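Each remark here refers to the structure printed beneath this line.
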2 protein chains.
Amino acid sequence: MELKSKPSTKIGIIGLGLIGGSLGLDLQKLGYTVYGITHREETAKRARERKLAQIISTNTEVLKNCSIIFIALPLKQLLNPTSDLINAIPKNAVITDVGSVKVPILDTWKKLHPRFIASHPMTGTEEFGVNAGQHNLFKDKPWVVTPDEETDQKALEKIRRISLSLGCQWVSTEAHIHDEAVSLISHLPVFISAALLNTLDTDVNPSVYSLAKRIASSGFADTSRVGGGNPDLGVSMAKYNKENLMKSLGSYRHSLDIFEKYLLEEDWKKIENILMTTQTGRHNFISQTTN
Amino acid sequence: MELKSKPSTKIGIIGLGLIGGSLGLDLQKLGYTVYGITHREETAKRARERKLAQIISTNTEVLKNCSIIFIALPLKQLLNPTSDLINAIPKNAVITDVGSVKVPILDTWKKLHPRFIASHPMTGTEEFGVNAGQHNLFKDKPWVVTPDEETDQKALEKIRRISLSLGCQWVSTEAHIHDEAVSLISHLPVFISAALLNTLDTDVNPSVYSLAKRIASSGFADTSRVGGGNPDLGVSMAKYNKENLMKSLGSYRHSLDIFEKYLLEEDWKKIENILMTTQTGRHNFISQTTN
């Protein structure tokens, strides 16, 4: 039997949903010893069956020897941490989160822990919960961090190395820039897509509705996809990135106004010009991997 | 050598773009003799190389013995037919089109030909032109017709049989119901998706734009897909389905207003209720094949 020359780094993951569970699977593969925490025993049992971590418990005591901790909890719990959660985190460990809004999380956690790194690994599927975690979820995806002048640079470097070993692209920016960008490319699409679905449910006569349902195809499916997603996530975006989302919706409304104006004026040339710009714009904007 | 017991039906296709070219490929496979018309000799040459029809010409004279004619031209040409086009169509042939708006086409063509059937095969790819036609484009897709009380029932039956042999689902409805339904599930998505792309191009500061571009992922790619499509198609939708599109945009704006109202009031429960409805709504609305 071969003995390792030194014990492997112990990593804790709090929450074994889509992101936490996927981290657990990949980090074990990379040779780390992973300690996973779930809230309920039932979830812990399923997480053990799925081997999302080597040690899985509902008791945060098991984290005491971990040197790196990922808090993979929903925004609501990240922003209103219980004292149990705060006390469970070793004072000298490096801590990071996976939340999709960064200004309020950085504000909250930099006061709670000196080695906190604000992270947003930008990946996902439509699945959630203990059955959602999967291998290679992070490969080629951006791992965004939003350090400020008080951020512990050694802690930041540890998170950078792990994110690169997961296959991520490391992106460092300011928290407020992050929150404004995600409001435009992630949160705004959810609401404009949901508004499309809502339009079909209101103001439409039954014959039109019935035909629309029968003939809706890939264009409608694509445009409505994110609006049909997890309502909890949508509410979190609205609640914790409200100011940016209001601003994005305002700009968006202006773009719609322009189309309505030219439509009313029957200015087809101007409509064509905008559509030529959006056609080129999308080609420039969307990377090959996501097109 | 085996001789067929009777000569096969001669079918003409005017325009060998995505829809016309795909019809040509499938109809030949089904045993029909297909005559294809293109506007330019250069396109005819390429269409011959691609074997989009057995006989391909820029001269509409070749259609004179065809008993069924598909006019697979853009809306603009369908709605402003040249006298050459009108004269090229045999008086006793069955005529149909493939346009995405039906009220103005039916109004125009029922006066021009007694055996005209207004059709809208609902299929497509992002490609267009003489290189776009492909086999099996129609399989499992709706072939919508919008007959009225004057429609020739025998002509309608001929188109029905052909559409079924192409693998289509036959859907018969009224032209105004069709135009309202496509404005909701096809034309409205193009404009709300283009408005999203336009929002990114305006009012956004350079750091946010640059980060947004770097981190945009599948959610943004899906929601912006149809807004980055062919500008000519978008202009045609606006131009020839203007009233319905104005109405759809009005309803859509109302759905957005509701989100903005609840966001401003921080009524998270009401936002959650709408997102729960849209989540269920999408599941009911989108068929398995397009999800």
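Letters for chains follow the order of the structure tokens (A, B, ...), residue numbers begin at 1 for each chain, and ligand numbers begin at 1 in the order shown.
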Within 8 Å of Leu275 (chain B), counting only C-alpha atoms, which residues show up once you throw out same-chain ones fewer than 5 positions away? Write them as an MDAnalysis selection string, please. chainID A and resid 194 227:231 234
List every residue of region 38-134 of chain B that DSSP, applied to the backbone of this structure, places in strand (DSSP E), and write the result as a ChimeraX atom specification. /B:55-57,68-71,94-97,116-117,119-121
9 Å contact set for Ile159 (chain B), only C-alpha atoms, chain neighbours under 5 positions out, as a ChimeraX atom specification: /B:68,94-96,117,119,154,164
Selection export as a PDB file, in the first residue's frame, atoms kept: C-alpha atoms:
ATOM      1  CA  ILE B  68     -49.327  21.979 -58.474  1.00  0.00           C
ATOM      2  CA  VAL B  94     -53.354  24.151 -57.615  1.00  0.00           C
ATOM      3  CA  ILE B  95     -51.335  27.040 -56.164  1.00  0.00           C
ATOM      4  CA  THR B  96     -49.997  27.520 -52.682  1.00  0.00           C
ATOM      5  CA  ILE B 117     -54.465  27.694 -50.963  1.00  0.00           C
ATOM      6  CA  SER B 119     -50.162  27.823 -46.543  1.00  0.00           C
ATOM      7  CA  LYS B 154     -60.331  19.722 -53.977  1.00  0.00           C
ATOM      8  CA  LEU B 164     -48.816  14.697 -44.944  1.00  0.00           C
TER       9      LEU B 164
END
Residue neighbourhood Thr58 (chain B), 12 Å, only C-alpha atoms, exclusion window fewer than 3 positions, as a PyMOL selection string: chain B and resi 13-16+35-45+47-48+55+61-63+84-85+88
Once you have the residues from the selection above, write them out as a tab-separated table (two decimals), in the first residue's frame, restricted to N, CA and C atoms.
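As a result, part.tsv now contains:
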chain	number	residue	atom	x	y	z
B	13	ILE	N	-41.89	24.71	-58.37
B	13	ILE	CA	-41.53	25.48	-57.18
B	13	ILE	C	-40.89	26.78	-57.63
B	14	ILE	N	-41.49	27.90	-57.24
B	14	ILE	CA	-40.93	29.20	-57.63
B	14	ILE	C	-40.14	29.74	-56.44
B	15	GLY	N	-38.82	29.78	-56.61
B	15	GLY	CA	-37.95	30.20	-55.50
B	15	GLY	C	-37.34	28.98	-54.84
B	16	LEU	N	-35.99	28.88	-54.87
B	16	LEU	CA	-35.33	27.69	-54.33
B	16	LEU	C	-34.44	28.03	-53.13
B	35	TYR	N	-40.10	20.94	-61.07
B	35	TYR	CA	-39.61	22.03	-61.89
B	35	TYR	C	-39.32	23.21	-60.98
B	36	GLY	N	-38.07	23.64	-60.94
B	36	GLY	CA	-37.71	24.75	-60.05
B	36	GLY	C	-37.39	26.02	-60.81
B	37	ILE	N	-37.86	27.14	-60.29
B	37	ILE	CA	-37.59	28.44	-60.93
B	37	ILE	C	-36.75	29.30	-59.99
B	38	THR	N	-35.67	29.86	-60.53
B	38	THR	CA	-34.92	30.86	-59.76
B	38	THR	C	-34.90	32.15	-60.57
B	39	HIS	N	-34.56	33.25	-59.90
B	39	HIS	CA	-34.58	34.54	-60.56
B	39	HIS	C	-33.33	34.72	-61.43
B	40	ARG	N	-32.18	34.28	-60.89
B	40	ARG	CA	-30.92	34.52	-61.59
B	40	ARG	C	-30.29	33.22	-62.08
B	41	GLU	N	-29.60	33.30	-63.21
B	41	GLU	CA	-28.96	32.12	-63.80
B	41	GLU	C	-27.90	31.54	-62.86
B	42	GLU	N	-27.21	32.42	-62.14
B	42	GLU	CA	-26.17	31.98	-61.22
B	42	GLU	C	-26.75	31.08	-60.12
B	43	THR	N	-27.93	31.48	-59.61
B	43	THR	CA	-28.60	30.68	-58.58
B	43	THR	C	-29.08	29.36	-59.19
B	44	ALA	N	-29.58	29.43	-60.43
B	44	ALA	CA	-30.06	28.21	-61.11
B	44	ALA	C	-28.92	27.21	-61.22
B	45	LYS	N	-27.73	27.70	-61.52
B	45	LYS	CA	-26.57	26.83	-61.69
B	45	LYS	C	-26.27	26.09	-60.38
B	47	ALA	N	-28.33	25.65	-57.91
B	47	ALA	CA	-29.48	24.78	-57.58
B	47	ALA	C	-29.38	23.47	-58.36
B	48	ARG	N	-28.88	23.55	-59.59
B	48	ARG	CA	-28.68	22.31	-60.39
B	48	ARG	C	-27.61	21.45	-59.76
B	55	ILE	N	-35.68	19.74	-63.18
B	55	ILE	CA	-35.55	20.77	-64.20
B	55	ILE	C	-35.47	22.12	-63.49
B	61	GLU	N	-41.74	29.64	-68.26
B	61	GLU	CA	-42.40	28.82	-69.29
B	61	GLU	C	-42.46	27.33	-68.91
B	62	VAL	N	-41.39	26.86	-68.22
B	62	VAL	CA	-41.30	25.42	-67.92
B	62	VAL	C	-42.41	24.96	-66.97
B	63	LEU	N	-43.11	25.91	-66.36
B	63	LEU	CA	-44.17	25.53	-65.40
B	63	LEU	C	-45.48	25.15	-66.08
B	84	ASP	N	-45.37	38.85	-64.76
B	84	ASP	CA	-44.67	37.65	-65.23
B	84	ASP	C	-45.00	36.46	-64.34
B	85	LEU	N	-44.94	36.70	-63.02
B	85	LEU	CA	-45.24	35.62	-62.07
B	85	LEU	C	-46.69	35.16	-62.24
B	88	ALA	N	-47.30	33.21	-65.34
B	88	ALA	CA	-46.57	31.93	-65.43
B	88	ALA	C	-47.36	30.77	-64.83
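The environment of Ile274 (chain B) within 9 Å, counting only C-alpha atoms and disregarding residues fewer than 2 places along the same chain, consists of Ala194, Asn198 and Pro231 of chain A; Phe259, Lys269, Lys270, Ile271, Glu272, Met276, Thr277, Thr278 and Gln279 of chain B.
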For the residues selected in the previous step, produce a file with N, CA and C atoms as an mmCIF file, in the first residue's frame.
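Writing done, so here's out.cif:
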data_model
loop_
_atom_site.group_PDB
_atom_site.id
_atom_site.type_symbol
_atom_site.label_atom_id
_atom_site.label_comp_id
_atom_site.auth_asym_id
_atom_site.auth_seq_id
_atom_site.Cartn_x
_atom_site.Cartn_y
_atom_site.Cartn_z
ATOM 1 N N ALA A 194 -39.879 35.747 -18.951
ATOM 2 C CA ALA A 194 -41.081 35.436 -18.173
ATOM 3 C C ALA A 194 -42.247 36.315 -18.612
ATOM 4 N N ASN A 198 -45.950 35.260 -19.704
ATOM 5 C CA ASN A 198 -47.100 35.872 -19.040
ATOM 6 C C ASN A 198 -48.063 36.499 -20.051
ATOM 7 N N PRO A 231 -38.537 29.575 -9.915
ATOM 8 C CA PRO A 231 -39.053 30.858 -9.409
ATOM 9 C C PRO A 231 -38.227 31.422 -8.252
ATOM 10 N N PHE B 259 -44.168 43.458 -13.659
ATOM 11 C CA PHE B 259 -42.910 43.114 -12.975
ATOM 12 C C PHE B 259 -42.270 44.362 -12.359
ATOM 13 N N LYS B 269 -43.570 38.254 -3.062
ATOM 14 C CA LYS B 269 -44.563 37.166 -3.134
ATOM 15 C C LYS B 269 -45.286 37.199 -4.486
ATOM 16 N N LYS B 270 -45.658 38.400 -4.935
ATOM 17 C CA LYS B 270 -46.372 38.499 -6.216
ATOM 18 C C LYS B 270 -45.447 38.147 -7.382
ATOM 19 N N ILE B 271 -44.177 38.552 -7.279
ATOM 20 C CA ILE B 271 -43.215 38.170 -8.330
ATOM 21 C C ILE B 271 -43.059 36.653 -8.358
ATOM 22 N N GLU B 272 -42.967 36.071 -7.189
ATOM 23 C CA GLU B 272 -42.854 34.603 -7.119
ATOM 24 C C GLU B 272 -44.075 33.918 -7.739
ATOM 25 N N MET B 276 -44.001 31.359 -10.788
ATOM 26 C CA MET B 276 -44.508 29.991 -10.663
ATOM 27 C C MET B 276 -45.469 29.684 -11.809
ATOM 28 N N THR B 277 -46.288 30.673 -12.164
ATOM 29 C CA THR B 277 -47.218 30.497 -13.291
ATOM 30 C C THR B 277 -46.461 30.337 -14.610
ATOM 31 N N THR B 278 -45.416 31.133 -14.809
ATOM 32 C CA THR B 278 -44.693 31.034 -16.087
ATOM 33 C C THR B 278 -43.910 29.717 -16.163
ATOM 34 N N GLN B 279 -43.441 29.243 -15.004
ATOM 35 C CA GLN B 279 -42.734 27.949 -15.001
ATOM 36 C C GLN B 279 -43.676 26.828 -15.446
#
Neighbours of chain B in chain A at 6 Å, counting only C-alpha atoms, as number ranges by chain: A: 177, 181, 185, 195, 197, 199, 208, 212-213, 216-218, 220, 222-223, 228-229, 231, 235, 251-252, 255-256, 272, 275-276, 278-279, 282, 285, 290
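In this structure, CA of Gly17 (chain B) sits 16.6 Å away from CA of Thr60 (chain B).
CA of Ile89 (chain A) to CA of Gly129 (chain A) spans 22.8 Å [interatomic distance, one decimal].
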Find the residues around Thr9 (chain B) up to 8 Å (only C-alpha atoms counted), leave out those fewer than 2 positions away in its own chain, and share them as a ChimeraX atom specification. /B:7,11,32-33,66-67
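Residues with any atom within 10 Å of Asp152 (chain B), counting only C-alpha atoms and excluding same-chain neighbours fewer than 3 positions away, are Val94, Pro114, Arg115, Phe116, Ile117, Pro147, Asp148, Glu149, Ala155, Leu156 and Glu157 of chain B.
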Take the residues that were just selected and, keeping C-alpha atoms, output them as a PDB file, in the first residue's frame.
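The resulting file, part36.pdb, is shown below:
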ATOM      1  CA  VAL B  94     -53.354  24.151 -57.615  1.00  0.00           C
ATOM      2  CA  PRO B 114     -59.295  30.376 -58.220  1.00  0.00           C
ATOM      3  CA  ARG B 115     -57.331  27.426 -56.836  1.00  0.00           C
ATOM      4  CA  PHE B 116     -55.053  29.269 -54.404  1.00  0.00           C
ATOM      5  CA  ILE B 117     -54.465  27.694 -50.963  1.00  0.00           C
ATOM      6  CA  PRO B 147     -58.907  28.451 -46.150  1.00  0.00           C
ATOM      7  CA  ASP B 148     -62.037  30.623 -46.275  1.00  0.00           C
ATOM      8  CA  GLU B 149     -65.564  29.906 -47.533  1.00  0.00           C
ATOM      9  CA  ALA B 155     -57.273  21.962 -54.224  1.00  0.00           C
ATOM     10  CA  LEU B 156     -57.090  22.048 -50.409  1.00  0.00           C
ATOM     11  CA  GLU B 157     -57.190  18.233 -50.297  1.00  0.00           C
TER      12      GLU B 157
END
Nearest candidate to Ala175 (chain B) (options B:Ser163, B:Asn65, B:Asn92, B:Ser100; using only C-alpha atoms): B:Ser100
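Interatomic distance, CA of Ile86 (chain A) against CA of Gly31 (chain A): 27.0 Å.
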